[in-house]
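Colleague: Supplied structure: work05.tsv, TSV, C-alpha atoms and all ligand atoms.
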chain	number	residue	atom	x	y	z
A	1	MET	CA	17.91	141.91	7.28
A	2	GLY	CA	20.19	138.91	6.62
A	3	LYS	CA	22.90	138.99	4.00
A	4	ILE	CA	22.32	141.29	1.04
A	5	LYS	CA	21.93	139.11	-2.04
A	6	VAL	CA	23.73	140.79	-4.94
A	7	LEU	CA	23.33	139.30	-8.42
A	8	SER	CA	25.97	140.56	-10.87
A	9	VAL	CA	25.25	139.93	-14.55
A	10	PHE	CA	27.72	140.38	-17.39
A	11	GLY	CA	28.45	138.79	-20.73
A	12	THR	CA	31.27	140.36	-22.75
A	13	ARG	CA	35.01	140.67	-22.25
A	14	PRO	CA	35.07	144.37	-21.35
A	15	GLU	CA	32.21	143.93	-18.90
A	16	ALA	CA	34.02	141.01	-17.28
A	17	ILE	CA	37.25	142.99	-16.92
A	18	LYS	CA	35.38	145.75	-15.15
A	19	MET	CA	33.01	143.56	-13.07
A	20	CYS	CA	35.35	140.79	-11.86
A	21	PRO	CA	37.25	143.01	-9.41
A	22	LEU	CA	33.90	144.18	-8.06
A	23	VAL	CA	32.70	140.60	-7.66
A	24	LYS	CA	35.87	139.84	-5.69
A	25	SER	CA	35.15	142.80	-3.39
A	26	LEU	CA	31.54	141.67	-2.93
A	27	GLU	CA	32.68	138.13	-2.14
A	28	LYS	CA	35.02	139.40	0.58
A	29	ASP	CA	32.26	141.22	2.44
A	30	GLN	CA	30.65	139.18	5.22
A	31	SER	CA	27.32	140.97	4.95
A	32	ILE	CA	26.89	140.18	1.25
A	33	GLU	CA	25.99	137.03	-0.65
A	34	SER	CA	27.47	137.46	-4.12
A	35	ILE	CA	25.91	135.57	-7.02
A	36	VAL	CA	27.24	135.80	-10.57
A	37	CYS	CA	25.37	135.14	-13.79
A	38	VAL	CA	27.23	135.30	-17.09
A	39	THR	CA	25.23	135.51	-20.29
A	40	ALA	CA	28.30	134.63	-22.39
A	41	GLN	CA	27.41	137.10	-25.11
A	42	HIS	CA	31.13	136.52	-25.79
A	43	ARG	CA	32.31	133.02	-24.91
A	44	GLU	CA	36.06	132.40	-24.99
A	45	MET	CA	37.01	136.02	-24.40
A	46	LEU	CA	34.74	136.11	-21.36
A	47	ASP	CA	35.96	132.83	-19.88
A	48	ALA	CA	39.58	133.93	-20.16
A	49	VAL	CA	38.82	136.93	-17.95
A	50	THR	CA	36.77	135.13	-15.29
A	51	GLU	CA	39.62	132.64	-15.04
A	52	ILE	CA	42.25	135.35	-14.48
A	53	PHE	CA	40.22	136.83	-11.63
A	54	ASP	CA	39.10	133.43	-10.33
A	55	VAL	CA	35.41	134.29	-10.56
A	56	ARG	CA	33.14	131.24	-10.74
A	57	PRO	CA	29.68	132.06	-12.05
A	58	GLN	CA	26.75	130.23	-10.46
A	59	TYR	CA	24.66	130.76	-13.60
A	60	ASP	CA	25.80	130.59	-17.23
A	61	LEU	CA	23.23	131.34	-19.93
A	62	ASN	CA	25.69	130.40	-22.68
A	63	ILE	CA	23.81	132.43	-25.28
A	64	MET	CA	26.54	132.94	-27.87
A	65	ALA	CA	25.64	131.58	-31.31
A	66	HIS	CA	27.05	132.18	-34.75
A	67	GLY	CA	25.49	135.01	-36.75
A	68	GLN	CA	22.87	136.03	-34.21
A	69	THR	CA	21.32	139.50	-34.28
A	70	ILE	CA	20.97	142.06	-31.51
A	71	VAL	CA	17.33	140.99	-31.21
A	72	ASP	CA	18.31	137.32	-30.76
A	73	VAL	CA	20.79	138.25	-28.03
A	74	SER	CA	18.29	140.55	-26.30
A	75	ASN	CA	15.60	137.91	-26.35
A	76	LYS	CA	17.82	135.27	-24.80
A	77	VAL	CA	19.20	137.58	-22.11
A	78	LEU	CA	15.79	138.92	-21.11
A	79	HIS	CA	14.30	135.43	-20.74
A	80	GLY	CA	17.41	133.88	-19.22
A	81	VAL	CA	18.02	136.54	-16.58
A	82	ASP	CA	14.31	136.62	-15.73
A	83	GLN	CA	14.53	132.90	-14.85
A	84	VAL	CA	17.69	133.43	-12.80
A	85	ILE	CA	16.09	136.28	-10.84
A	86	LYS	CA	12.99	134.17	-10.14
A	87	GLU	CA	15.18	131.34	-8.89
A	88	CYS	CA	17.73	133.18	-6.75
A	89	LYS	CA	15.61	136.16	-5.64
A	90	PRO	CA	18.33	138.82	-5.36
A	91	ASP	CA	17.96	142.07	-3.41
A	92	ILE	CA	19.73	143.96	-6.18
A	93	VAL	CA	20.94	143.23	-9.71
A	94	LEU	CA	24.22	144.81	-10.84
A	95	VAL	CA	24.76	145.42	-14.53
A	96	HIS	CA	27.64	147.13	-16.29
A	97	GLY	CA	27.97	149.68	-19.06
A	98	ASP	CA	26.09	149.46	-22.31
A	99	THR	CA	25.80	146.06	-23.95
A	100	SER	CA	22.70	144.08	-24.89
A	101	THR	CA	23.39	142.04	-21.75
A	102	THR	CA	23.29	145.25	-19.71
A	103	LEU	CA	19.99	146.58	-20.99
A	104	ASN	CA	18.11	143.30	-21.02
A	105	SER	CA	19.35	142.20	-17.59
A	106	ALA	CA	18.28	145.56	-16.20
A	107	LEU	CA	14.90	145.13	-17.86
A	108	ALA	CA	14.48	141.65	-16.40
A	109	ALA	CA	15.27	143.05	-12.94
A	110	PHE	CA	12.87	145.94	-13.45
A	111	TYR	CA	10.01	143.63	-14.47
A	112	ASN	CA	10.65	141.64	-11.28
A	113	LYS	CA	10.71	144.87	-9.25
A	114	VAL	CA	14.28	144.26	-8.15
A	115	PRO	CA	16.45	147.41	-7.92
A	116	VAL	CA	19.17	147.81	-10.52
A	117	GLY	CA	22.68	149.05	-9.75
A	118	HIS	CA	24.32	150.40	-12.89
A	119	VAL	CA	28.11	150.25	-12.84
A	120	GLU	CA	29.75	152.67	-15.30
A	121	ALA	CA	26.64	154.82	-15.49
A	122	GLY	CA	26.31	158.11	-17.33
A	123	LEU	CA	28.60	157.76	-20.33
A	124	ARG	CA	27.11	159.54	-23.35
A	125	SER	CA	28.27	160.35	-26.86
A	126	GLY	CA	25.15	162.41	-27.58
A	127	ASP	CA	24.41	160.45	-30.78
A	128	ILE	CA	21.85	157.68	-30.36
A	129	TYR	CA	23.28	155.83	-33.41
A	130	SER	CA	26.93	156.01	-32.39
A	131	PRO	CA	28.15	153.89	-30.79
A	132	PHE	CA	25.35	151.59	-31.87
A	133	PRO	CA	23.52	150.13	-30.04
A	134	GLU	CA	25.51	151.10	-26.94
A	135	GLU	CA	24.38	154.72	-26.60
A	136	ALA	CA	20.73	153.65	-26.48
A	137	ASN	CA	21.53	150.69	-24.22
A	138	ARG	CA	23.10	152.89	-21.56
A	139	LYS	CA	20.43	155.60	-21.74
A	140	LEU	CA	17.59	153.10	-21.44
A	141	THR	CA	19.36	151.28	-18.61
A	142	GLY	CA	19.80	154.59	-16.78
A	143	ALA	CA	16.06	155.18	-16.97
A	144	ILE	CA	15.27	152.03	-14.96
A	145	THR	CA	18.26	152.10	-12.58
A	146	THR	CA	18.01	152.71	-8.83
A	147	LEU	CA	21.72	153.17	-7.96
A	148	HIS	CA	23.89	154.92	-10.55
A	149	PHE	CA	27.63	154.34	-10.12
A	150	ALA	CA	29.15	157.02	-12.35
A	151	PRO	CA	32.90	156.83	-13.00
A	152	THR	CA	33.43	160.61	-13.28
A	153	LYS	CA	31.83	163.93	-12.46
A	154	SER	CA	31.06	164.52	-16.13
A	155	ASN	CA	29.21	161.18	-16.23
A	156	GLU	CA	27.18	162.37	-13.25
A	157	ASP	CA	26.41	165.62	-15.10
A	158	ASN	CA	25.12	163.65	-18.09
A	159	LEU	CA	22.62	161.88	-15.85
A	160	LEU	CA	21.55	165.11	-14.18
A	161	LYS	CA	20.91	166.64	-17.62
A	162	GLU	CA	18.54	163.78	-18.36
A	163	GLY	CA	16.55	164.57	-15.22
A	164	ILE	CA	17.96	161.70	-13.16
A	165	ASN	CA	18.70	163.28	-9.81
A	166	LYS	CA	18.61	160.55	-7.18
A	167	ASN	CA	21.23	158.07	-6.01
A	168	ILE	CA	24.06	159.10	-8.37
A	169	TYR	CA	27.51	158.40	-6.94
A	170	VAL	CA	30.88	159.26	-8.48
A	171	THR	CA	32.96	156.17	-7.81
A	172	GLY	CA	35.78	156.13	-10.40
A	173	ASN	CA	35.93	153.36	-12.96
A	174	THR	CA	36.54	149.77	-11.85
A	175	VAL	CA	38.75	149.37	-14.95
A	176	ILE	CA	41.56	150.99	-12.96
A	177	ASP	CA	41.05	148.51	-10.09
A	178	ALA	CA	41.46	145.73	-12.67
A	179	LEU	CA	44.48	147.30	-14.32
A	180	LEU	CA	46.41	147.84	-11.10
A	181	ASN	CA	45.91	144.15	-10.34
A	182	VAL	CA	47.63	142.91	-13.49
A	183	ILE	CA	50.43	145.32	-14.51
A	184	ASN	CA	53.87	143.94	-13.75
A	185	LYS	CA	57.18	145.43	-14.95
A	186	ASN	CA	58.71	141.98	-15.35
A	187	HIS	CA	55.74	140.44	-17.13
A	188	LYS	CA	56.56	137.59	-19.53
A	189	PHE	CA	53.98	137.34	-22.28
A	190	GLU	CA	51.93	134.18	-22.69
A	191	ASP	CA	51.67	134.96	-26.39
A	192	LYS	CA	55.07	133.93	-27.81
A	193	ASN	CA	54.81	136.45	-30.69
A	194	LEU	CA	55.23	139.23	-28.18
A	195	ASN	CA	58.36	137.95	-26.43
A	196	THR	CA	60.29	138.26	-29.72
A	197	ILE	CA	59.54	141.98	-30.15
A	198	ASP	CA	62.29	144.48	-29.44
A	199	PHE	CA	60.35	147.08	-27.44
A	200	ASN	CA	63.53	149.09	-26.75
A	201	ASN	CA	64.64	149.67	-30.34
A	202	LYS	CA	61.35	149.58	-32.22
A	203	LYS	CA	58.43	151.95	-31.98
A	204	VAL	CA	55.61	149.55	-31.33
A	205	ILE	CA	52.10	150.66	-32.25
A	206	LEU	CA	49.27	148.71	-30.69
A	207	LEU	CA	46.24	148.76	-32.98
A	208	THR	CA	42.76	147.56	-32.05
A	209	SER	CA	39.60	148.05	-34.08
A	210	HIS	CA	36.36	146.16	-33.85
A	211	ARG	CA	33.46	148.60	-33.44
A	212	ARG	CA	30.38	147.99	-35.53
A	213	GLU	CA	30.43	151.58	-36.88
A	214	ASN	CA	33.93	150.91	-38.27
A	215	TRP	CA	33.10	147.70	-40.16
A	216	GLY	CA	33.66	148.08	-43.90
A	217	GLU	CA	34.96	151.35	-45.37
A	218	PRO	CA	36.21	153.00	-42.14
A	219	MET	CA	38.26	149.93	-41.30
A	220	LYS	CA	39.75	149.91	-44.80
A	221	GLU	CA	40.85	153.51	-44.21
A	222	ILE	CA	42.36	152.59	-40.83
A	223	PHE	CA	44.29	149.66	-42.31
A	224	SER	CA	45.43	151.69	-45.28
A	225	ALA	CA	46.79	154.46	-43.02
A	226	THR	CA	48.57	151.80	-40.95
A	227	ARG	CA	50.12	150.32	-44.08
A	228	ASN	CA	51.40	153.74	-45.13
A	229	LEU	CA	52.83	154.28	-41.65
A	230	VAL	CA	54.95	151.14	-41.61
A	231	GLU	CA	56.08	151.79	-45.16
A	232	ALA	CA	57.17	155.34	-44.25
A	233	ASN	CA	58.83	154.48	-40.91
A	234	GLU	CA	61.60	151.86	-40.79
A	235	ASP	CA	61.53	151.42	-37.02
A	236	VAL	CA	57.80	150.83	-36.59
A	237	VAL	CA	56.15	147.53	-35.74
A	238	VAL	CA	52.38	147.25	-35.50
A	239	ILE	CA	50.64	144.68	-33.35
A	240	PHE	CA	47.01	144.02	-34.17
A	241	PRO	CA	45.23	141.57	-31.88
A	242	MET	CA	42.35	140.65	-34.15
A	243	HIS	CA	38.83	140.50	-32.77
A	244	LYS	CA	37.06	137.18	-33.38
A	245	ASN	CA	34.78	138.74	-36.00
A	246	PRO	CA	35.61	136.96	-39.33
A	247	LEU	CA	34.90	140.07	-41.45
A	248	ILE	CA	37.58	142.01	-39.59
A	249	ARG	CA	40.07	139.16	-39.75
A	250	GLU	CA	39.72	138.68	-43.51
A	251	LEU	CA	40.05	142.37	-44.24
A	252	ALA	CA	43.14	142.63	-42.01
A	253	LYS	CA	44.84	139.67	-43.68
A	254	GLU	CA	44.15	141.08	-47.14
A	255	SER	CA	45.19	144.65	-46.23
A	256	PHE	CA	48.55	143.70	-44.71
A	257	LYS	CA	49.61	141.06	-47.24
A	258	GLY	CA	53.39	141.17	-47.71
A	259	LEU	CA	53.99	143.14	-44.50
A	260	GLU	CA	54.06	140.16	-42.13
A	261	ASP	CA	57.38	141.27	-40.56
A	262	LYS	CA	56.10	144.70	-39.63
A	263	VAL	CA	52.41	144.15	-38.98
A	264	LYS	CA	51.75	141.30	-36.59
A	265	LEU	CA	48.23	139.99	-36.86
A	266	ILE	CA	47.73	137.99	-33.71
A	267	GLU	CA	44.88	136.36	-31.82
A	268	PRO	CA	43.00	138.46	-29.25
A	269	LEU	CA	45.23	138.66	-26.22
A	270	GLU	CA	44.21	137.55	-22.83
A	271	TYR	CA	43.81	140.55	-20.56
A	272	VAL	CA	47.06	140.32	-18.56
A	273	ASP	CA	49.11	140.19	-21.78
A	274	PHE	CA	47.09	142.99	-23.33
A	275	ALA	CA	47.43	145.30	-20.34
A	276	ASN	CA	51.18	144.71	-20.14
A	277	LEU	CA	51.52	145.22	-23.89
A	278	MET	CA	49.81	148.60	-23.49
A	279	SER	CA	52.33	149.51	-20.85
A	280	LYS	CA	55.30	148.56	-23.09
A	281	CYS	CA	54.22	149.96	-26.47
A	282	TYR	CA	54.98	153.42	-27.92
A	283	LEU	CA	51.57	154.45	-29.19
A	284	ILE	CA	48.02	153.08	-29.21
A	285	MET	CA	45.55	153.45	-32.08
A	286	THR	CA	42.12	152.16	-31.11
A	287	ASP	CA	38.36	152.40	-31.43
A	288	SER	CA	37.89	150.65	-28.08
A	289	GLY	CA	36.21	152.34	-25.15
A	290	GLY	CA	38.04	150.59	-22.31
A	291	VAL	CA	41.46	151.21	-23.81
A	292	GLN	CA	40.79	154.97	-23.73
A	293	GLU	CA	40.46	154.64	-19.96
A	294	GLU	CA	43.39	152.31	-19.35
A	295	ALA	CA	46.09	153.88	-21.53
A	296	PRO	CA	46.12	157.33	-19.84
A	297	ALA	CA	46.87	155.61	-16.54
A	298	LEU	CA	49.90	154.03	-18.21
A	299	GLY	CA	51.15	157.25	-19.85
A	300	LYS	CA	50.56	156.03	-23.41
A	301	PRO	CA	49.25	158.38	-26.10
A	302	VAL	CA	46.03	157.16	-27.65
A	303	MET	CA	44.66	157.98	-31.10
A	304	VAL	CA	40.93	157.29	-31.05
A	305	LEU	CA	39.76	155.94	-34.40
A	306	ARG	CA	36.23	157.26	-34.08
A	307	THR	CA	34.33	160.43	-34.85
A	308	GLU	CA	33.04	160.85	-31.31
A	309	THR	CA	33.89	159.67	-27.83
A	310	GLU	CA	31.90	159.31	-24.64
A	311	ARG	CA	35.13	159.71	-22.69
A	312	PRO	CA	35.98	163.44	-22.77
A	313	GLU	CA	38.08	163.32	-19.60
A	314	ALA	CA	41.16	161.87	-21.29
A	315	LEU	CA	40.77	164.29	-24.23
A	316	GLU	CA	40.81	167.15	-21.74
A	317	ALA	CA	43.83	165.67	-19.98
A	318	GLY	CA	45.60	165.65	-23.37
A	319	THR	CA	46.61	161.98	-23.46
A	320	VAL	CA	43.97	161.04	-26.03
A	321	LYS	CA	43.29	162.52	-29.49
A	322	LEU	CA	40.12	161.99	-31.47
A	323	VAL	CA	41.43	161.44	-35.00
A	324	GLY	CA	38.40	160.07	-36.85
A	325	ILE	CA	38.47	157.43	-39.55
A	326	GLN	CA	40.04	159.11	-42.56
A	327	LYS	CA	43.23	157.60	-43.85
A	328	ASN	CA	45.16	160.85	-44.38
A	329	ASN	CA	44.33	162.26	-40.98
A	330	ILE	CA	45.22	159.03	-39.17
A	331	PHE	CA	48.52	158.88	-41.06
A	332	GLU	CA	49.43	162.48	-40.36
A	333	VAL	CA	48.70	162.41	-36.63
A	334	ALA	CA	50.52	159.09	-36.12
A	335	ASN	CA	53.47	160.12	-38.27
A	336	GLU	CA	53.86	163.29	-36.22
A	337	LEU	CA	53.82	161.34	-32.96
A	338	LEU	CA	56.39	158.92	-34.34
A	339	ASN	CA	58.78	161.62	-35.50
A	340	ASN	CA	58.26	164.67	-33.34
A	341	ILE	CA	59.36	163.86	-29.81
A	342	GLU	CA	58.02	167.12	-28.40
A	343	GLU	CA	54.52	166.37	-29.65
A	344	TYR	CA	54.87	162.84	-28.35
A	345	ASN	CA	55.97	163.97	-24.90
A	346	LYS	CA	53.05	166.38	-24.67
A	347	MET	CA	50.71	163.38	-24.83
A	348	ALA	CA	52.77	160.76	-23.02
A	349	HIS	CA	52.24	161.59	-19.41
A	350	ALA	CA	50.45	159.40	-16.95
A	351	THR	CA	47.17	160.84	-15.83
A	352	ASN	CA	44.28	159.11	-14.30
A	353	PRO	CA	40.93	160.78	-14.75
A	354	TYR	CA	39.14	157.45	-14.36
A	355	GLY	CA	39.90	156.37	-10.83
A	356	ASP	CA	42.34	155.50	-8.11
A	357	GLY	CA	41.83	151.75	-7.98
A	358	LYS	CA	39.33	151.96	-5.11
A	359	SER	CA	36.09	152.08	-7.10
A	360	CYS	CA	35.00	148.57	-6.14
A	361	GLU	CA	35.41	149.31	-2.45
A	362	ARG	CA	33.25	152.42	-2.86
A	363	ILE	CA	30.50	150.60	-4.74
A	364	VAL	CA	30.29	147.84	-2.11
A	365	LYS	CA	30.02	150.47	0.63
A	366	LEU	CA	27.26	152.32	-1.23
A	367	ILE	CA	25.25	149.14	-1.74
A	368	LYS	CA	25.47	148.39	1.99
A	369	GLU	CA	24.43	151.92	2.87
A	370	TYR	CA	21.41	151.71	0.55
A	371	PHE	CA	20.17	148.57	2.28
A	372	SER	CA	20.83	149.87	5.78
A	373	GLU	CA	18.56	152.90	5.30
B	401	LIG	N1	41.49	143.74	-24.33
B	401	LIG	C1	42.03	142.47	-24.10
B	401	LIG	N2	42.60	141.80	-25.16
B	401	LIG	C2	42.64	142.33	-26.42
B	401	LIG	C3	42.05	143.59	-26.64
B	401	LIG	C4	41.48	144.27	-25.57
B	401	LIG	O1	42.02	141.97	-22.97
B	401	LIG	O2	43.17	141.66	-27.33
B	401	LIG	C5	40.86	144.43	-23.18
B	401	LIG	C6	41.29	145.86	-22.92
B	401	LIG	O3	42.34	145.91	-22.00
B	401	LIG	C7	40.04	146.53	-22.38
B	401	LIG	C8	38.93	145.73	-22.99
B	401	LIG	O4	39.47	144.51	-23.47
B	401	LIG	O5	39.94	146.40	-20.98
B	401	LIG	C9	38.31	146.52	-24.11
B	401	LIG	O6	37.50	145.71	-24.81
B	401	LIG	P1	36.84	146.09	-26.19
B	401	LIG	O7	37.74	147.02	-26.94
B	401	LIG	O8	36.46	144.79	-26.79
B	401	LIG	O9	35.48	146.79	-25.77
B	401	LIG	P2	35.07	148.26	-25.39
B	401	LIG	O10	35.91	148.73	-24.27
B	401	LIG	O11	35.19	149.10	-26.62
B	401	LIG	O12	33.64	148.11	-24.98
Please re-express this file's structure in structure tokens.
Modeller:
Amino acid sequence: MGKIKVLSVFGTRPEAIKMCPLVKSLEKDQSIESIVCVTAQHREMLDAVTEIFDVRPQYDLNIMAHGQTIVDVSNKVLHGVDQVIKECKPDIVLVHGDTSTTLNSALAAFYNKVPVGHVEAGLRSGDIYSPFPEEANRKLTGAITTLHFAPTKSNEDNLLKEGINKNIYVTGNTVIDALLNVINKNHKFEDKNLNTIDFNNKKVILLTSHRRENWGEPMKEIFSATRNLVEANEDVVVIFPMHKNPLIRELAKESFKGLEDKVKLIEPLEYVDFANLMSKCYLIMTDSGGVQEEAPALGKPVMVLRTETERPEALEAGTVKLVGIQKNNIFEVANELLNNIEEYNKMAHATNPYGDGKSCERIVKLIKEYFSE
């Protein structure tokens, strides 16, 4: 056969962070023709990442619109990717993770009888409604995938339990490939707010929260616990890069009124700044998935603001704690980590259950092997 035509489809910031290093590895390989389609389920946040990695998509569905539902997004992705597949006729379609872009791109490939390669396969929380709709997205994608690239052994086990027993490969997570590309001890932040922060004398907490399940009451609890923390601890500064969602932004502004010196509400950070901020801060409180994978590699304790996690490896390694969404519990755990150095040190050790930075290389090799059989 000639070159293997690989179509990679992604649409959100976290997918882009984890797929761009893979696209670069595909591009480097002489036996592969790499084609990229972005759905732009996120717009600005996606473009910022493709720019960092110098990935230039051949197709851009530009689907983002204000106030659209999951059904609207799904509809546009399914139709859009179907057209792209018909036009460029790939040998394989690579999707990532668990978004509406993932599931509907996989479905479009399946309907065209093109094999699907699922990057970051096998993550499960065990609750179909949490995270929503991601748990269903990844399970359904797994059911129509040909090559499963599972980051860890436990992800592989999840697939085996569902009766999937062919073509599962433990590759590590490409998030570590991305991270190792951008961390730099002497990094100067693009975001000026961050260059004024005294990371040596302040305990800086990095807070992120955007998950759908946390909109409303849970987020009020998270913000209220954070407020109590800065009021109880003189030396604490909180940095909250706000997601673009207006509901979250309004609630954050209202919740932290009067605390502008100690709680910095800033714009979402571009990835290089964010990764380097993780490496400089004291503690991370987050409901993000990707951050749970990145922070352990940097030796930063993570409090997960959720009731479940599909990432048990870091829990087992002891660098991540599942603290839920109740104000008192969040306050108590964080306060302990701020004031009890022994407890802090127990969590703050670099461990890397998610990969060695060579996941992309492995995935490229596996794709080539599949087509040489
Ligand atoms: N991230 C970023 N800027 C920010 C917040 C997060 O670049 O202001 C990165 C972070 O390093 C991680 C990814 O975005 O790689 C996580 O994205 P998010 O929390 O939106 O999604 P999830 O991982 O929960 O799917």
Colleague: Got a sec: who's within 7 Å of region 144-157 of chain A, counting all atoms listed in the file, leaving out chain neighbours fewer than 4 positions off, as a JSON list (two decimals) with C-alpha atoms, in the coordinates of the input?
Modeller:
[["chain", "number", "residue", "atom", "x", "y", "z"],
["A", 110, "PHE", "CA", 12.87, 145.94, -13.45],
["A", 115, "PRO", "CA", 16.45, 147.41, -7.92],
["A", 116, "VAL", "CA", 19.17, 147.81, -10.52],
["A", 117, "GLY", "CA", 22.68, 149.05, -9.75],
["A", 118, "HIS", "CA", 24.32, 150.40, -12.89],
["A", 119, "VAL", "CA", 28.11, 150.25, -12.84],
["A", 120, "GLU", "CA", 29.75, 152.67, -15.30],
["A", 121, "ALA", "CA", 26.64, 154.82, -15.49],
["A", 122, "GLY", "CA", 26.31, 158.11, -17.33],
["A", 123, "LEU", "CA", 28.60, 157.76, -20.33],
["A", 140, "LEU", "CA", 17.59, 153.10, -21.44],
["A", 161, "LYS", "CA", 20.91, 166.64, -17.62],
["A", 167, "ASN", "CA", 21.23, 158.07, -6.01],
["A", 168, "ILE", "CA", 24.06, 159.10, -8.37],
["A", 169, "TYR", "CA", 27.51, 158.40, -6.94],
["A", 170, "VAL", "CA", 30.88, 159.26, -8.48],
["A", 171, "THR", "CA", 32.96, 156.17, -7.81],
["A", 172, "GLY", "CA", 35.78, 156.13, -10.40],
["A", 173, "ASN", "CA", 35.93, 153.36, -12.96],
["A", 354, "TYR", "CA", 39.14, 157.45, -14.36]]
Colleague: Pick from A:Lys3, A:His79, A:Lys89, A:Arg311: nearest to Ser105 (chain A), with all atoms listed in the file counted?
Modeller: A:His79
Colleague: What are the nearest atom pairs, with distances in Å to one decimal, for all residues of chain A that come at most 9 Å from ligand LIG 401 (chain B), using all atoms listed in the file, set out by chain and rising residue number as a tab-separated table?
Modeller:
residue	atom	partner	partner_atom	distance
A:Thr12	CA	B:LIG401	O8	7.9
A:Arg13	CA	B:LIG401	O4	6.0
A:Pro14	CA	B:LIG401	C8	4.4
A:Glu15	CA	B:LIG401	O12	7.5
A:Ala16	CA	B:LIG401	O5	8.8
A:Ile17	CA	B:LIG401	O5	5.9
A:Lys18	CA	B:LIG401	O5	7.4
A:Met45	CA	B:LIG401	O1	7.9
A:Ala48	CA	B:LIG401	O1	8.9
A:Val49	CA	B:LIG401	O1	7.8
A:Gly97	CA	B:LIG401	O12	8.3
A:Asp98	CA	B:LIG401	O12	8.1
A:Thr99	CA	B:LIG401	O12	8.2
A:Glu134	CA	B:LIG401	O12	8.9
A:Val175	CA	B:LIG401	O5	6.8
A:Ala178	CA	B:LIG401	O5	8.5
A:Leu179	CA	B:LIG401	O3	8.1
A:Thr208	CA	B:LIG401	C3	6.7
A:Ser209	CA	B:LIG401	O7	7.4
A:His210	CA	B:LIG401	O7	7.1
A:Arg211	CA	B:LIG401	O11	7.1
A:Phe240	CA	B:LIG401	O2	8.2
A:Pro241	CA	B:LIG401	O2	5.0
A:Met242	CA	B:LIG401	O2	6.9
A:His243	CA	B:LIG401	O2	7.1
A:Ile266	CA	B:LIG401	O2	8.7
A:Glu267	CA	B:LIG401	O2	7.2
A:Pro268	CA	B:LIG401	O2	3.7
A:Leu269	CA	B:LIG401	O2	3.8
A:Glu270	CA	B:LIG401	O1	4.9
A:Tyr271	CA	B:LIG401	O1	3.3
A:Val272	CA	B:LIG401	O1	6.9
A:Asp273	CA	B:LIG401	O1	7.4
A:Phe274	CA	B:LIG401	N2	5.0
A:Ala275	CA	B:LIG401	O3	5.4
A:Met278	CA	B:LIG401	O3	8.1
A:Thr286	CA	B:LIG401	O7	7.9
A:Asp287	CA	B:LIG401	O11	6.6
A:Ser288	CA	B:LIG401	O11	3.4
A:Gly289	CA	B:LIG401	O11	3.7
A:Gly290	CA	B:LIG401	O10	3.4
A:Val291	CA	B:LIG401	C7	5.1
A:Gln292	CA	B:LIG401	O10	7.9
A:Glu293	CA	B:LIG401	O5	8.3
A:Glu294	CA	B:LIG401	O3	7.0
A:Ala295	CA	B:LIG401	O3	8.8
Colleague: Just how far from CA of Arg56 (chain A) is CA of Cys360 (chain A), in Å to one decimal?
Modeller: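 About the pair CA of Cys360 (chain A) and CA of Arg56 (chain A): they are 18.0 Å apart.
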Colleague: Tell me, in Å to one decimal, how far CA of Val237 (chain A) is from CA of Leu315 (chain A).
Modeller: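 Value for the CA of Val237 (chain A)-CA of Leu315 (chain A) distance: 25.5 Å.
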Colleague: I want to know what sits within 8 Å of Ser130 (chain A), based on all atoms listed in the file, with residues of the same chain fewer than 5 positions away left out; could you give that as a PyMOL selection string?
Modeller: chain A and resi 125+135+213+308
Colleague: Can you tell me, as a PDB file with C-alpha atoms, in the coordinates of the input, what residues are no more than 10 Å from Asn200 (chain A) when counting only C-alpha atoms, ignoring any on the same chain fewer than 2 positions away?
Modeller:
ATOM      1  CA  ILE A 197      59.540 141.980 -30.150  1.00  0.00           C
ATOM      2  CA  ASP A 198      62.290 144.480 -29.440  1.00  0.00           C
ATOM      3  CA  LYS A 202      61.350 149.580 -32.220  1.00  0.00           C
ATOM      4  CA  LYS A 203      58.430 151.950 -31.980  1.00  0.00           C
ATOM      5  CA  VAL A 204      55.610 149.550 -31.330  1.00  0.00           C
ATOM      6  CA  LYS A 280      55.300 148.560 -23.090  1.00  0.00           C
ATOM      7  CA  CYS A 281      54.220 149.960 -26.470  1.00  0.00           C
ATOM      8  CA  TYR A 282      54.980 153.420 -27.920  1.00  0.00           C
TER       9      TYR A 282
END
Colleague: How many Å lie between CA of Lys264 (chain A) and CA of Val238 (chain A), rounded to one decimal?
Modeller: 6.1 Å
Colleague: Between A:Val9, A:Val182, A:Val77, A:Met347, which has the minimum distance to His96 (chain A) (counting only C-alpha atoms)?
Modeller: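 Among the listed residues, A:Val9 lies closest to His96 (chain A).
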Colleague: Between A:Met64, A:Val263, A:Leu94, A:Leu103, single out the one closest to Leu78 (chain A), counting only C-alpha atoms.
Modeller: A:Leu103
Colleague: Pick out the residues sitting within 8 Å of Phe132 (chain A), and hand them over as a PyMOL selection string; count all atoms listed in the file, and ignore anything fewer than 4 positions along from it in its own chain.
Modeller: chain A and resi 128+136+212-213
Colleague: Would you kindly return, as a PyMOL selection string, each protein, DNA or RNA residue with an atom no farther than 12 Å from any atom of Asp261 (chain A), considering all atoms listed in the file and excluding same-chain residues fewer than 6 positions away?
Modeller: chain A and resi 193+196-197+230-231+234-239
Colleague: Those selected residues, please, written with C-alpha atoms and delivered as a compact mmCIF listing (two decimals), in the frame of the given file.
Modeller:
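File again22.txt, as written:
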# COMPACT_ATOMS: atom_id res chain seq x y z
CA ASN A 193 54.81 136.45 -30.69
CA THR A 196 60.29 138.26 -29.72
CA ILE A 197 59.54 141.98 -30.15
CA VAL A 230 54.95 151.14 -41.61
CA GLU A 231 56.08 151.79 -45.16
CA GLU A 234 61.60 151.86 -40.79
CA ASP A 235 61.53 151.42 -37.02
CA VAL A 236 57.80 150.83 -36.59
CA VAL A 237 56.15 147.53 -35.74
CA VAL A 238 52.38 147.25 -35.50
CA ILE A 239 50.64 144.68 -33.35
